[in-house]
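Pasted below: upload.cif, mmCIF, C-alpha atoms and all ligand atoms.
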```cif
data_model
#
loop_
_atom_site.label_atom_id
_atom_site.label_comp_id
_atom_site.auth_asym_id
_atom_site.auth_seq_id
_atom_site.Cartn_x
_atom_site.Cartn_y
_atom_site.Cartn_z
CA MET A 7 -60.31 -24.16 20.84
CA SER A 8 -57.22 -25.21 22.64
CA ALA A 9 -56.77 -28.86 23.76
CA PRO A 10 -57.25 -29.50 27.52
CA THR A 11 -53.93 -29.52 29.36
CA SER A 12 -52.99 -32.90 30.77
CA PRO A 13 -52.20 -32.97 34.51
CA ARG A 14 -48.58 -32.21 35.21
CA GLN A 15 -46.61 -35.43 35.24
CA VAL A 16 -44.78 -35.78 38.56
CA PRO A 17 -42.08 -38.44 38.58
CA PRO A 18 -42.55 -41.20 41.16
CA PRO A 19 -40.47 -40.96 44.32
CA SER A 20 -37.28 -42.96 44.61
CA ALA A 21 -37.05 -45.89 47.04
CA ASP A 22 -34.97 -43.65 49.31
CA ASP A 23 -37.66 -40.95 49.22
CA VAL A 24 -40.20 -43.57 50.25
CA ARG A 25 -37.99 -44.70 53.13
CA ASN A 26 -37.70 -41.10 54.28
CA LEU A 27 -41.48 -40.69 54.17
CA LEU A 28 -41.86 -43.90 56.15
CA ARG A 29 -39.59 -42.53 58.88
CA ALA A 30 -42.64 -40.56 60.00
CA VAL A 31 -44.56 -43.79 60.67
CA ILE A 32 -44.04 -44.62 64.32
CA ASP A 33 -44.83 -47.96 65.89
CA PRO A 34 -46.55 -46.57 68.99
CA GLU A 35 -45.77 -49.62 71.07
CA LEU A 36 -42.07 -49.72 70.21
CA GLY A 37 -41.71 -45.94 70.26
CA ALA A 38 -39.59 -45.64 67.10
CA ASN A 39 -40.15 -45.37 63.36
CA ILE A 40 -40.69 -48.47 61.25
CA VAL A 41 -37.60 -47.86 59.09
CA ASP A 42 -35.13 -47.56 61.95
CA LEU A 43 -36.74 -50.54 63.63
CA GLY A 44 -36.15 -52.59 60.48
CA MET A 45 -39.87 -53.26 60.03
CA ALA A 46 -40.11 -51.69 56.57
CA THR A 47 -38.32 -53.97 54.13
CA ASP A 48 -38.09 -54.18 50.33
CA VAL A 49 -39.26 -50.86 48.97
CA ALA A 50 -39.94 -50.89 45.23
CA VAL A 51 -41.42 -48.13 43.06
CA SER A 52 -42.67 -48.76 39.50
CA ALA A 53 -42.50 -46.22 36.67
CA ASP A 54 -46.24 -45.52 36.98
CA GLY A 55 -45.92 -44.62 40.65
CA VAL A 56 -47.00 -47.87 42.33
CA VAL A 57 -45.13 -48.22 45.63
CA ALA A 58 -44.75 -51.76 46.96
CA ILE A 59 -43.35 -52.20 50.45
CA GLY A 60 -42.89 -55.13 52.72
CA VAL A 61 -43.73 -54.53 56.37
CA LYS A 62 -42.72 -57.08 58.98
CA LEU A 63 -44.74 -57.05 62.18
CA THR A 64 -43.36 -58.37 65.46
CA ILE A 65 -46.25 -60.84 65.50
CA LYS A 66 -48.67 -61.65 62.72
CA GLY A 67 -51.82 -60.67 64.58
CA CYS A 68 -50.35 -57.37 65.81
CA PRO A 69 -53.31 -55.25 66.93
CA LEU A 70 -51.56 -52.14 65.60
CA ARG A 71 -51.57 -53.40 62.02
CA ALA A 72 -54.59 -51.30 60.94
CA GLN A 73 -53.10 -48.19 62.50
CA ILE A 74 -49.71 -48.72 60.86
CA LYS A 75 -51.42 -49.39 57.51
CA ASN A 76 -53.44 -46.14 57.68
CA ASP A 77 -50.37 -44.21 58.67
CA ILE A 78 -48.26 -45.62 55.81
CA GLU A 79 -51.00 -44.99 53.23
CA SER A 80 -51.74 -41.48 54.35
CA ARG A 81 -48.02 -40.54 54.31
CA LEU A 82 -47.33 -42.00 50.87
CA GLU A 83 -50.55 -41.19 49.03
CA THR A 84 -50.11 -37.49 49.65
CA HIS A 85 -46.98 -37.63 47.50
CA PRO A 86 -48.10 -36.47 44.01
CA GLY A 87 -45.96 -39.06 42.22
CA VAL A 88 -47.55 -42.03 44.03
CA SER A 89 -50.49 -43.65 42.24
CA LYS A 90 -51.00 -46.64 44.52
CA VAL A 91 -49.58 -48.18 47.70
CA LYS A 92 -49.30 -51.94 48.09
CA ILE A 93 -48.26 -53.41 51.43
CA GLU A 94 -47.02 -56.96 51.75
CA TRP A 95 -47.33 -58.00 55.41
CA GLY A 96 -44.83 -60.34 56.96
CA GLU A 97 -43.81 -61.57 60.40
CA MET A 98 -40.40 -61.26 62.05
CA THR A 99 -38.35 -64.30 62.94
CA SER A 100 -37.60 -64.66 66.63
CA ASP A 101 -34.04 -63.35 66.01
CA GLU A 102 -35.40 -60.27 64.23
CA ARG A 103 -37.91 -59.78 67.01
CA SER A 104 -35.26 -59.84 69.71
CA ALA A 105 -33.07 -57.44 67.65
CA VAL A 106 -35.98 -55.03 67.34
CA MET A 107 -36.68 -55.26 71.07
CA THR A 108 -33.03 -54.48 71.85
CA LYS A 109 -33.22 -51.47 69.56
CA ALA A 110 -36.46 -50.28 71.16
CA ARG A 111 -34.97 -50.77 74.62
CA TRP A 112 -31.97 -48.73 73.55
CA ASN A 113 -34.27 -45.94 72.27
CA ALA A 114 -36.22 -45.96 75.53
CA ARG A 115 -32.95 -45.71 77.43
CA GLU A 116 -31.75 -42.79 75.32
CA ASN A 117 -34.97 -40.90 76.00
CA ALA A 118 -35.08 -41.71 79.71
CA THR A 119 -35.03 -38.95 82.26
CA ASP A 120 -32.12 -38.78 84.67
CA THR A 121 -32.70 -40.15 88.13
CA ALA A 122 -30.64 -39.93 91.29
CA VAL A 123 -30.04 -43.69 91.18
CA PRO A 124 -26.35 -44.28 90.38
CA VAL A 125 -25.85 -45.69 86.89
CA THR A 126 -23.79 -48.58 88.19
CA ALA A 127 -26.56 -49.83 90.50
CA ARG A 128 -28.44 -52.89 89.29
CA VAL A 129 -32.16 -52.17 89.55
CA LEU A 130 -34.48 -55.08 90.28
CA ALA A 131 -38.23 -54.61 90.64
CA ILE A 132 -40.09 -57.40 92.45
CA ALA A 133 -43.44 -57.81 90.72
CA SER A 134 -46.29 -60.28 90.35
CA GLY A 135 -49.51 -60.70 88.42
CA LYS A 136 -51.63 -60.66 91.57
CA GLY A 137 -51.45 -59.53 95.16
CA GLY A 138 -50.47 -61.45 98.27
CA VAL A 139 -48.03 -63.89 96.63
CA GLY A 140 -45.04 -62.65 98.65
CA LYS A 141 -43.44 -59.79 96.69
CA SER A 142 -42.67 -57.82 99.83
CA SER A 143 -41.37 -60.87 101.69
CA VAL A 144 -39.08 -61.68 98.75
CA THR A 145 -37.91 -58.04 98.54
CA ALA A 146 -37.11 -57.82 102.27
CA ASN A 147 -35.31 -61.15 102.35
CA LEU A 148 -33.30 -60.57 99.19
CA ALA A 149 -32.34 -57.13 100.46
CA VAL A 150 -30.89 -58.48 103.71
CA ALA A 151 -29.30 -61.48 101.96
CA LEU A 152 -27.55 -59.19 99.44
CA ALA A 153 -26.46 -56.81 102.20
CA ALA A 154 -25.17 -59.74 104.29
CA GLN A 155 -22.79 -60.42 101.39
CA GLY A 156 -21.28 -56.98 101.82
CA ARG A 157 -23.40 -55.11 99.28
CA THR A 158 -25.03 -51.70 99.61
CA VAL A 159 -28.69 -52.26 98.83
CA GLY A 160 -31.30 -49.58 98.26
CA VAL A 161 -34.92 -50.55 98.84
CA LEU A 162 -37.70 -48.45 97.36
CA ASP A 163 -41.17 -49.30 98.62
CA ALA A 164 -43.25 -48.53 95.53
CA ASP A 165 -46.39 -49.78 97.28
CA ILE A 166 -47.27 -46.22 98.17
CA TRP A 167 -50.47 -46.86 100.12
CA GLY A 168 -49.91 -50.50 101.07
CA PHE A 169 -46.31 -50.17 102.17
CA SER A 170 -44.74 -52.98 104.17
CA MET A 171 -40.97 -52.35 104.08
CA PRO A 172 -40.77 -50.40 107.37
CA ARG A 173 -42.41 -53.29 109.27
CA MET A 174 -40.63 -56.09 107.41
CA LEU A 175 -37.17 -54.53 107.70
CA GLY A 176 -37.74 -53.11 111.18
CA MET A 177 -37.03 -49.57 109.99
CA ALA A 178 -39.87 -47.25 110.92
CA ASP A 179 -37.99 -44.00 111.61
CA ARG A 180 -39.21 -40.82 109.94
CA LEU A 181 -37.32 -39.86 106.80
CA ALA A 182 -35.30 -36.69 107.06
CA ALA A 183 -34.38 -34.26 104.32
CA ARG A 184 -31.24 -32.19 104.23
CA LYS A 185 -29.18 -30.07 101.91
CA VAL A 186 -26.73 -32.07 99.84
CA GLU A 187 -23.78 -30.46 98.13
CA GLY A 188 -24.40 -29.82 94.46
CA PHE A 189 -28.20 -29.68 94.77
CA GLU A 190 -30.32 -26.62 95.26
CA LYS A 191 -33.28 -28.28 96.96
CA PRO A 192 -32.94 -30.47 100.06
CA LYS A 193 -32.83 -34.22 99.37
CA ILE A 194 -34.58 -37.05 101.19
CA ILE A 195 -32.05 -39.15 103.09
CA PRO A 196 -32.91 -42.87 103.14
CA ASN A 197 -33.04 -44.68 106.46
CA GLU A 198 -30.04 -46.92 106.94
CA ARG A 199 -29.45 -50.25 108.64
CA ARG A 200 -26.15 -52.13 108.78
CA VAL A 201 -26.27 -55.82 107.92
CA GLY A 202 -22.88 -57.50 108.49
CA SER A 203 -20.46 -55.61 106.27
CA GLY A 204 -23.30 -54.46 104.01
CA LEU A 205 -25.82 -51.65 104.23
CA LEU A 206 -29.54 -51.18 103.59
CA LYS A 207 -30.87 -47.79 102.45
CA VAL A 208 -34.65 -47.72 102.55
CA VAL A 209 -37.40 -45.28 101.56
CA SER A 210 -41.12 -45.85 101.99
CA THR A 211 -44.19 -43.67 102.41
CA GLY A 212 -44.51 -45.58 105.68
CA MET A 213 -41.60 -43.44 106.85
CA LEU A 214 -43.56 -40.29 106.05
CA VAL A 215 -46.90 -41.06 107.67
CA ASP A 216 -47.75 -42.05 111.22
CA ASP A 217 -49.39 -45.41 110.66
CA GLU A 218 -50.52 -47.78 107.93
CA GLY A 219 -54.09 -46.39 108.23
CA THR A 220 -53.00 -42.84 107.44
CA ALA A 221 -51.54 -44.05 104.16
CA LEU A 222 -55.03 -44.78 102.87
CA MET A 223 -55.57 -41.04 102.79
CA TRP A 224 -52.93 -40.87 100.09
CA ARG A 225 -55.16 -42.64 97.62
CA GLY A 226 -55.55 -39.50 95.57
CA LEU A 227 -51.81 -39.22 95.12
CA MET A 228 -50.59 -40.19 91.72
CA LEU A 229 -48.73 -43.40 92.16
CA THR A 230 -46.09 -42.87 89.51
CA LYS A 231 -45.49 -39.31 90.72
CA ALA A 232 -44.64 -40.58 94.20
CA VAL A 233 -42.30 -43.22 92.81
CA GLU A 234 -40.70 -40.62 90.56
CA GLN A 235 -40.07 -38.48 93.60
CA PHE A 236 -38.41 -41.39 95.37
CA LEU A 237 -36.18 -41.89 92.36
CA ASN A 238 -35.28 -38.24 91.86
CA ASP A 239 -35.42 -36.55 95.25
CA VAL A 240 -33.74 -39.21 97.37
CA HIS A 241 -30.02 -38.93 97.94
CA TRP A 242 -29.23 -42.59 97.29
CA GLY A 243 -25.45 -42.15 97.26
CA ASP A 244 -23.50 -45.33 96.41
CA LEU A 245 -25.60 -48.39 95.68
CA ASP A 246 -24.81 -51.84 94.34
CA PHE A 247 -28.46 -52.78 94.02
CA LEU A 248 -31.82 -51.04 94.13
CA LEU A 249 -34.72 -53.36 94.92
CA ILE A 250 -38.18 -52.01 94.21
CA ASP A 251 -41.13 -53.60 95.99
CA MET A 252 -43.95 -53.20 93.48
CA PRO A 253 -47.59 -52.66 94.43
CA PRO A 254 -49.99 -55.46 93.52
CA GLY A 255 -51.42 -55.70 90.04
CA THR A 256 -50.89 -52.27 88.57
CA GLY A 257 -49.36 -51.43 85.24
CA ASP A 258 -48.89 -47.73 86.01
CA VAL A 259 -45.79 -48.09 88.15
CA GLN A 260 -44.27 -50.54 85.71
CA MET A 261 -44.81 -48.20 82.78
CA GLY A 262 -43.47 -45.30 84.85
CA LEU A 263 -40.35 -47.28 85.73
CA ALA A 264 -39.82 -48.23 82.10
CA ARG A 265 -39.77 -44.53 81.30
CA MET A 266 -37.73 -43.36 84.28
CA LEU A 267 -35.40 -46.31 84.83
CA PRO A 268 -35.44 -48.41 81.67
CA ARG A 269 -32.57 -50.53 82.93
CA THR A 270 -34.90 -52.05 85.55
CA ASP A 271 -35.04 -55.84 85.48
CA LEU A 272 -38.07 -57.64 86.87
CA ILE A 273 -38.15 -60.55 89.28
CA ILE A 274 -41.56 -62.14 88.97
CA VAL A 275 -42.98 -63.81 92.06
CA THR A 276 -45.59 -66.50 91.64
CA THR A 277 -47.10 -69.34 93.63
CA PRO A 278 -47.05 -72.97 92.44
CA ALA A 279 -50.73 -72.97 91.40
CA VAL A 280 -51.29 -73.06 87.67
CA SER A 281 -53.97 -70.36 87.97
CA ALA A 282 -51.40 -68.04 89.58
CA GLN A 283 -48.98 -68.78 86.79
CA LYS A 284 -51.53 -67.61 84.20
CA VAL A 285 -51.91 -64.32 86.05
CA ALA A 286 -48.15 -63.98 86.42
CA ILE A 287 -47.77 -64.21 82.66
CA ARG A 288 -49.61 -60.89 82.48
CA ALA A 289 -46.84 -59.27 84.50
CA ALA A 290 -44.30 -60.75 82.09
CA ASP A 291 -46.30 -59.54 79.08
CA MET A 292 -46.45 -56.07 80.51
CA ALA A 293 -42.70 -56.17 81.10
CA GLN A 294 -42.08 -57.10 77.51
CA ARG A 295 -44.34 -54.36 76.23
CA SER A 296 -42.47 -51.79 78.26
CA PHE A 297 -39.06 -53.32 77.30
CA LEU A 298 -38.13 -54.30 80.83
CA ARG A 299 -36.02 -57.41 81.02
CA ILE A 300 -36.99 -60.28 83.27
CA ALA A 301 -34.19 -61.34 85.61
CA GLY A 302 -35.98 -64.48 86.75
CA VAL A 303 -38.91 -66.10 88.50
CA VAL A 304 -39.23 -66.84 92.22
CA GLU A 305 -41.81 -69.43 93.22
CA ASN A 306 -43.02 -68.61 96.71
CA MET A 307 -45.09 -70.79 99.08
CA SER A 308 -43.80 -73.78 97.11
CA HIS A 309 -44.41 -76.50 99.65
CA PHE A 310 -44.81 -77.08 103.35
CA THR A 311 -42.70 -79.50 105.38
CA CYS A 312 -44.23 -80.44 108.73
CA GLU A 313 -42.31 -81.15 111.91
CA HIS A 314 -42.33 -84.88 111.09
CA GLY A 315 -40.55 -84.22 107.82
CA SER A 316 -43.46 -84.87 105.42
CA THR A 317 -43.75 -82.40 102.59
CA TYR A 318 -47.08 -81.18 101.21
CA ALA A 319 -47.68 -79.23 98.01
CA LEU A 320 -50.45 -77.12 99.52
CA PHE A 321 -50.86 -74.76 96.58
CA GLY A 322 -50.17 -77.16 93.75
CA GLU A 323 -46.93 -77.85 91.94
CA GLY A 324 -44.87 -76.71 89.00
CA GLY A 325 -46.24 -73.17 88.48
CA GLY A 326 -42.88 -71.45 88.86
CA ALA A 327 -41.04 -73.79 86.48
CA ALA A 328 -43.87 -73.58 83.93
CA LEU A 329 -43.88 -69.78 84.07
CA ALA A 330 -40.09 -69.60 83.74
CA ARG A 331 -40.22 -71.92 80.74
CA GLU A 332 -43.01 -69.98 79.10
CA ILE A 333 -41.33 -66.60 79.39
CA GLY A 334 -37.81 -67.89 78.76
CA ALA A 335 -36.47 -66.85 82.18
CA GLU A 336 -34.59 -68.66 84.92
CA LEU A 337 -36.37 -70.13 87.93
CA LEU A 338 -34.22 -68.49 90.61
CA GLY A 339 -35.59 -70.47 93.53
CA GLN A 340 -38.54 -72.11 95.29
CA VAL A 341 -39.28 -70.71 98.73
CA PRO A 342 -41.15 -73.07 101.08
CA ILE A 343 -44.03 -72.00 103.33
CA GLU A 344 -42.55 -71.43 106.76
CA ASN A 345 -43.83 -69.81 109.86
CA ALA A 346 -40.40 -68.23 110.22
CA VAL A 347 -40.92 -66.23 106.99
CA ALA A 348 -44.18 -64.69 108.21
CA HIS A 349 -42.84 -64.24 111.74
CA GLY A 350 -39.63 -62.59 110.54
CA SER A 351 -41.58 -60.17 108.38
CA ASP A 352 -43.82 -59.19 111.26
CA ASN A 353 -40.86 -58.53 113.53
CA GLY A 354 -38.53 -56.63 111.28
CA GLU A 355 -36.04 -59.50 111.20
CA PRO A 356 -36.41 -61.21 107.80
CA VAL A 357 -35.62 -64.90 108.07
CA ALA A 358 -32.68 -64.60 105.62
CA LEU A 359 -30.95 -62.30 108.11
CA ALA A 360 -29.86 -65.00 110.54
CA GLY A 361 -32.39 -67.81 110.23
CA GLN A 362 -31.26 -71.39 109.73
CA SER A 363 -34.36 -72.54 107.90
CA ALA A 364 -34.82 -73.95 104.38
CA ALA A 365 -36.49 -70.70 103.25
CA ALA A 366 -33.55 -68.66 104.57
CA GLU A 367 -31.18 -70.87 102.54
CA VAL A 368 -33.23 -70.39 99.36
CA PHE A 369 -33.23 -66.60 99.77
CA ARG A 370 -29.44 -66.60 100.31
CA ASP A 371 -29.00 -68.81 97.30
CA ILE A 372 -31.07 -66.46 95.09
CA ALA A 373 -29.00 -63.50 96.34
CA LYS A 374 -25.83 -65.36 95.32
CA LYS A 375 -27.28 -66.03 91.87
CA ILE A 376 -28.14 -62.35 91.49
CA ILE A 377 -24.65 -61.28 92.52
CA GLY A 378 -23.17 -63.89 90.18
CA SER A 379 -25.19 -62.60 87.23
CA THR A 380 -24.27 -58.98 87.80
CA VAL A 381 -21.29 -57.45 86.03
CA PRO A 382 -19.33 -55.62 88.74
CA ALA A 383 -19.22 -51.88 88.17
CA ASN A 384 -15.41 -52.03 88.10
CA ASP A 385 -15.40 -54.47 85.21
CA MET A 386 -17.80 -52.25 83.32
CA ALA A 387 -15.53 -49.28 83.85
CA GLY A 388 -12.61 -51.34 82.58
CA CYS A 389 -14.64 -52.35 79.60
CA SER A 390 -15.59 -48.82 78.58
CA ALA A 391 -12.00 -47.69 79.17
CA ARG A 392 -10.81 -50.39 76.77
CA LEU A 393 -13.46 -49.33 74.27
CA LEU A 394 -12.34 -45.73 74.50
CA GLU A 395 -8.79 -46.86 73.95
CA SER A 396 -9.67 -48.65 70.71
CA VAL A 397 -11.56 -45.57 69.53
CA GLU A 398 -8.48 -43.47 70.15
CA VAL A 399 -6.34 -45.95 68.21
CA VAL A 400 -8.77 -45.77 65.26
CA LEU A 401 -8.74 -41.99 65.40
CA GLY A 402 -4.96 -42.05 65.31
CA LYS A 403 -4.70 -40.41 68.72
CA LYS A 404 -2.90 -43.38 70.22
CA PRO A 405 -0.32 -45.79 68.74
CA ASN A 406 -1.63 -49.32 68.18
N1 LIG B 501 -42.85 -68.37 102.18
C1 LIG B 501 -43.75 -67.93 103.05
N2 LIG B 501 -44.10 -68.66 104.13
C2 LIG B 501 -45.03 -68.22 105.01
N3 LIG B 501 -45.67 -67.05 104.90
C3 LIG B 501 -45.38 -66.28 103.84
C4 LIG B 501 -44.41 -66.67 102.88
N4 LIG B 501 -44.32 -65.68 101.95
C5 LIG B 501 -45.19 -64.74 102.33
N5 LIG B 501 -45.83 -65.07 103.45
C6 LIG B 501 -46.86 -64.30 104.17
O1 LIG B 501 -47.93 -64.07 103.22
C7 LIG B 501 -48.46 -62.78 103.38
C8 LIG B 501 -48.33 -62.00 102.06
O2 LIG B 501 -46.96 -61.80 101.77
P1 LIG B 501 -46.41 -60.43 101.20
O3 LIG B 501 -46.95 -59.28 101.97
O4 LIG B 501 -44.95 -60.58 101.09
O5 LIG B 501 -47.09 -60.48 99.75
P2 LIG B 501 -47.21 -59.33 98.67
O6 LIG B 501 -47.19 -60.03 97.34
O7 LIG B 501 -46.18 -58.29 98.89
O8 LIG B 501 -48.64 -58.76 98.97
P3 LIG B 501 -49.27 -57.38 98.37
O9 LIG B 501 -49.68 -57.74 96.99
O10 LIG B 501 -50.44 -57.14 99.28
O11 LIG B 501 -48.22 -56.34 98.42
C9 LIG B 501 -47.67 -62.13 104.51
O12 LIG B 501 -48.41 -62.27 105.68
C10 LIG B 501 -46.37 -62.94 104.58
O13 LIG B 501 -45.83 -62.96 105.87
MG MG B 502 -46.42 -56.18 99.15
#
```
Once more with this new file: its structure as structure tokens, please.
Amino acid sequence: MSAPTSPRQVPPPSADDVRNLLRAVIDPELGANIVDLGMATDVAVSADGVVAIGVKLTIKGCPLRAQIKNDIESRLETHPGVSKVKIEWGEMTSDERSAVMTKARWNARENATDTAVPVTARVLAIASGKGGVGKSSVTANLAVALAAQGRTVGVLDADIWGFSMPRMLGMADRLAARKVEGFEKPKIIPNERRVGSGLLKVVSTGMLVDDEGTALMWRGLMLTKAVEQFLNDVHWGDLDFLLIDMPPGTGDVQMGLARMLPRTDLIIVTTPAVSAQKVAIRAADMAQRSFLRIAGVVENMSHFTCEHGSTYALFGEGGGAALAREIGAELLGQVPIENAVAHGSDNGEPVALAGQSAAAEVFRDIAKKIIGSTVPANDMAGCSARLLESVEVVLGKKPN
């Protein structure tokens, strides 16, 4: 009788083999594999096939831990040379976390679809955790304040069935479409309004339907699809800024923007009440999860000053500053409650256009801060030209 044959001895995989296997494990939230993201550290394989790996999560209590664990085990245990998988869980430092976020943002950018928005335009979406805090008023006033400083400002009303840009900016004309050179299909031409030496270019579903009531019939329309169309099928032409007035409390548009225009920065509008601040944090959380940067916080309806000069904190105090602190963003400004803000919005003449009020000043001041924090397109061009030059020097195509 012949002796039973022992199972074929397969040598354990090398640490590099393990890393390659782990490249198939994707962190679904960050949209990249755990090796490239730097989450899989310290791979060690013993002679008897025990694989020990360290995995650093962005936060200790990451809800995706179980999923990542299953994925790692199922990838490695199918390798015949692996007898056991041991995972040592760790947590990233805040520096590692911000490096991983930058990498994920870069990946998202690489995979983004092309839009008709010029690459040099700074895209700012005005968002909030809850409705009615003044997103549209902030959008309209910042748009005119930026334009008044000679900038070309696109405004996209992403509040598809609750649009307010046509009324607030006094631009209710129907949108037209026409053939544009280089494109097969006709493009939507934004409505334009001159502001000093600057220009507004605005699109809104309110410029497609007859009245605000009709828009309710659009409820069935997929929100992100409509926004996508405004990004792709509008002939924006030159733009310095694109401001996007976000609809209240929805994550869909935000996620859609992260996919279509990952360079979008968010301006979060909140009121001074602490309860509002808690809700606003949700908007910030969502931004972080979809890798959108936060450009700053605007506290609206901050206080009310009566005609006798007394100031009242009608909606509480400190919410904007607390939110900014908590999310590590700048408090761009505190806009007081003023009849002129509401009145200007109702009449298509936002207060920041020509008003002499305190609110008008705050809006103009925020616009200046935004312009100050934006790298001019020309400088960026200079920068990439210099970069190209150094590459050519390294490649020996140009003398040093
Ligand atoms: N600083 C202010 N002073 C006085 N009224 C204001 C101020 N800001 C906003 N309002 C008024 O509050 C109401 C809500 O503002 P707005 O429409 O800008 O909010 P919103 O966040 O865009 O709302 P929604 O979530 O419905 O889109 C409007 O009537 C507006 O005129
Ligand atoms: Mg609004």
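What separates atom CA of Met213 of chain A from atom CA of Asp239 of chain A is a distance of 14.8 Å.
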**Asked** Within 8 Å of ligand LIG 501 (chain B), counting all atoms listed in the file: which residues, as a PyMOL selection string?
**Response** chain A and resi 133-134+136-145+165+168-170+251-255+275+306-308+341-352+365
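Residues with any atom within 9 Å of segment 40-47 of chain A, counting only C-alpha atoms and excluding same-chain neighbours fewer than 3 positions away, are Arg25, Asn26, Leu28, Arg29, Ala30, Val31, Ile32, Asp33, Leu36, Ile59, Gly60, Val61, Lys62, Leu63, Thr64, Met98, Glu102, Ala105, Val106, Met107, Lys109 and Ala110 of chain A.
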**Request:** Name the closest residue to Ile65 of chain A among the candidates A:Gly160, A:Gly315, A:Gly361, A:Gly96; distances are taken between atoms, counting all atoms listed in the file.
**Result:**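 Between A:Gly160, A:Gly315, A:Gly361, A:Gly96, the residue approaching Ile65 of chain A most closely is A:Gly96.
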**Request:** Could you jot down the atom CA of Glu332 of chain A to atom CA of Thr277 of chain A separation for me, Å, one decimal place?
**Result:**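 Going from atom CA of Glu332 of chain A over to atom CA of Thr277 of chain A covers 15.1 Å.
Using all atoms listed in the file for every distance, the candidate list A:Leu320, A:Leu267, A:Val125, A:Ile132 yields A:Ile132 as the residue closest to ligand MG 502 (chain B).
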**Request:** For atom CA of Arg265 of chain A and atom CA of Pro69 of chain A, determine how far apart the two atoms are, in Å to one decimal place.
**Result:**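 It comes out at 22.5 Å.
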**Asked** Taking only C-alpha atoms into account, which of A:Ser52, A:Thr276, A:Ser104, A:Ser379 comes nearest Gly339 of chain A?
**Response**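 Selected residue with least distance to Gly339 of chain A: A:Thr276.
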**Message:** So that I can check the surroundings of Glu367 of chain A, please list as a VMD selection string every protein, DNA and RNA residue that reaches within 12 Å of it, counting all atoms listed in the file and ignoring chain neighbours fewer than 2 positions away.
**Reply:** chain A and resid 147 to 148 151 339 to 342 347 357 to 365 369 to 374
For the selection you just gave me, I'd like the residues written to a file as a compact mmCIF listing (two decimals), in the frame of the given file, keeping C-alpha atoms.
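Final output, result_20.txt:
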```txt
# COMPACT_ATOMS: atom_id res chain seq x y z
CA ASN A 147 -35.31 -61.15 102.35
CA LEU A 148 -33.30 -60.57 99.19
CA ALA A 151 -29.30 -61.48 101.96
CA GLY A 339 -35.59 -70.47 93.53
CA GLN A 340 -38.54 -72.11 95.29
CA VAL A 341 -39.28 -70.71 98.73
CA PRO A 342 -41.15 -73.07 101.08
CA VAL A 347 -40.92 -66.23 106.99
CA VAL A 357 -35.62 -64.90 108.07
CA ALA A 358 -32.68 -64.60 105.62
CA LEU A 359 -30.95 -62.30 108.11
CA ALA A 360 -29.86 -65.00 110.54
CA GLY A 361 -32.39 -67.81 110.23
CA GLN A 362 -31.26 -71.39 109.73
CA SER A 363 -34.36 -72.54 107.90
CA ALA A 364 -34.82 -73.95 104.38
CA ALA A 365 -36.49 -70.70 103.25
CA PHE A 369 -33.23 -66.60 99.77
CA ARG A 370 -29.44 -66.60 100.31
CA ASP A 371 -29.00 -68.81 97.30
CA ILE A 372 -31.07 -66.46 95.09
CA ALA A 373 -29.00 -63.50 96.34
CA LYS A 374 -25.83 -65.36 95.32
```
**Shortest interatomic distance to ligand MG 502 (chain B) - which of A:Ala131, A:Met177, A:Val368, A:Leu82, counting only C-alpha atoms and all ligand atoms** =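 Distance minimum relative to ligand MG 502 (chain B) lands on A:Ala131.
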If you keep N, CA and C atoms, can you output segment 161-169 of chain A as a compact mmCIF listing (two decimals), in the first residue's frame?
```txt
# COMPACT_ATOMS: atom_id res chain seq x y z
N VAL A 161 -23.93 82.15 -12.59
CA VAL A 161 -24.78 81.72 -11.47
C VAL A 161 -25.64 80.58 -11.96
N LEU A 162 -25.52 79.44 -11.28
CA LEU A 162 -26.33 78.28 -11.65
C LEU A 162 -27.32 78.04 -10.51
N ASP A 163 -28.59 78.15 -10.83
CA ASP A 163 -29.63 77.93 -9.83
C ASP A 163 -29.90 76.43 -9.77
N ALA A 164 -29.27 75.76 -8.78
CA ALA A 164 -29.43 74.30 -8.69
C ALA A 164 -30.68 73.92 -7.90
N ASP A 165 -31.45 74.94 -7.48
CA ASP A 165 -32.72 74.67 -6.82
C ASP A 165 -33.77 74.54 -7.93
N ILE A 166 -33.80 73.35 -8.51
CA ILE A 166 -34.53 73.14 -9.76
C ILE A 166 -36.02 73.45 -9.64
N TRP A 167 -36.66 73.02 -8.54
CA TRP A 167 -38.09 73.32 -8.45
C TRP A 167 -38.41 74.37 -7.39
N GLY A 168 -37.39 74.98 -6.80
CA GLY A 168 -37.67 76.06 -5.85
C GLY A 168 -36.82 77.26 -6.21
N PHE A 169 -36.60 77.42 -7.51
CA PHE A 169 -35.65 78.44 -7.99
C PHE A 169 -35.98 79.84 -7.48
```
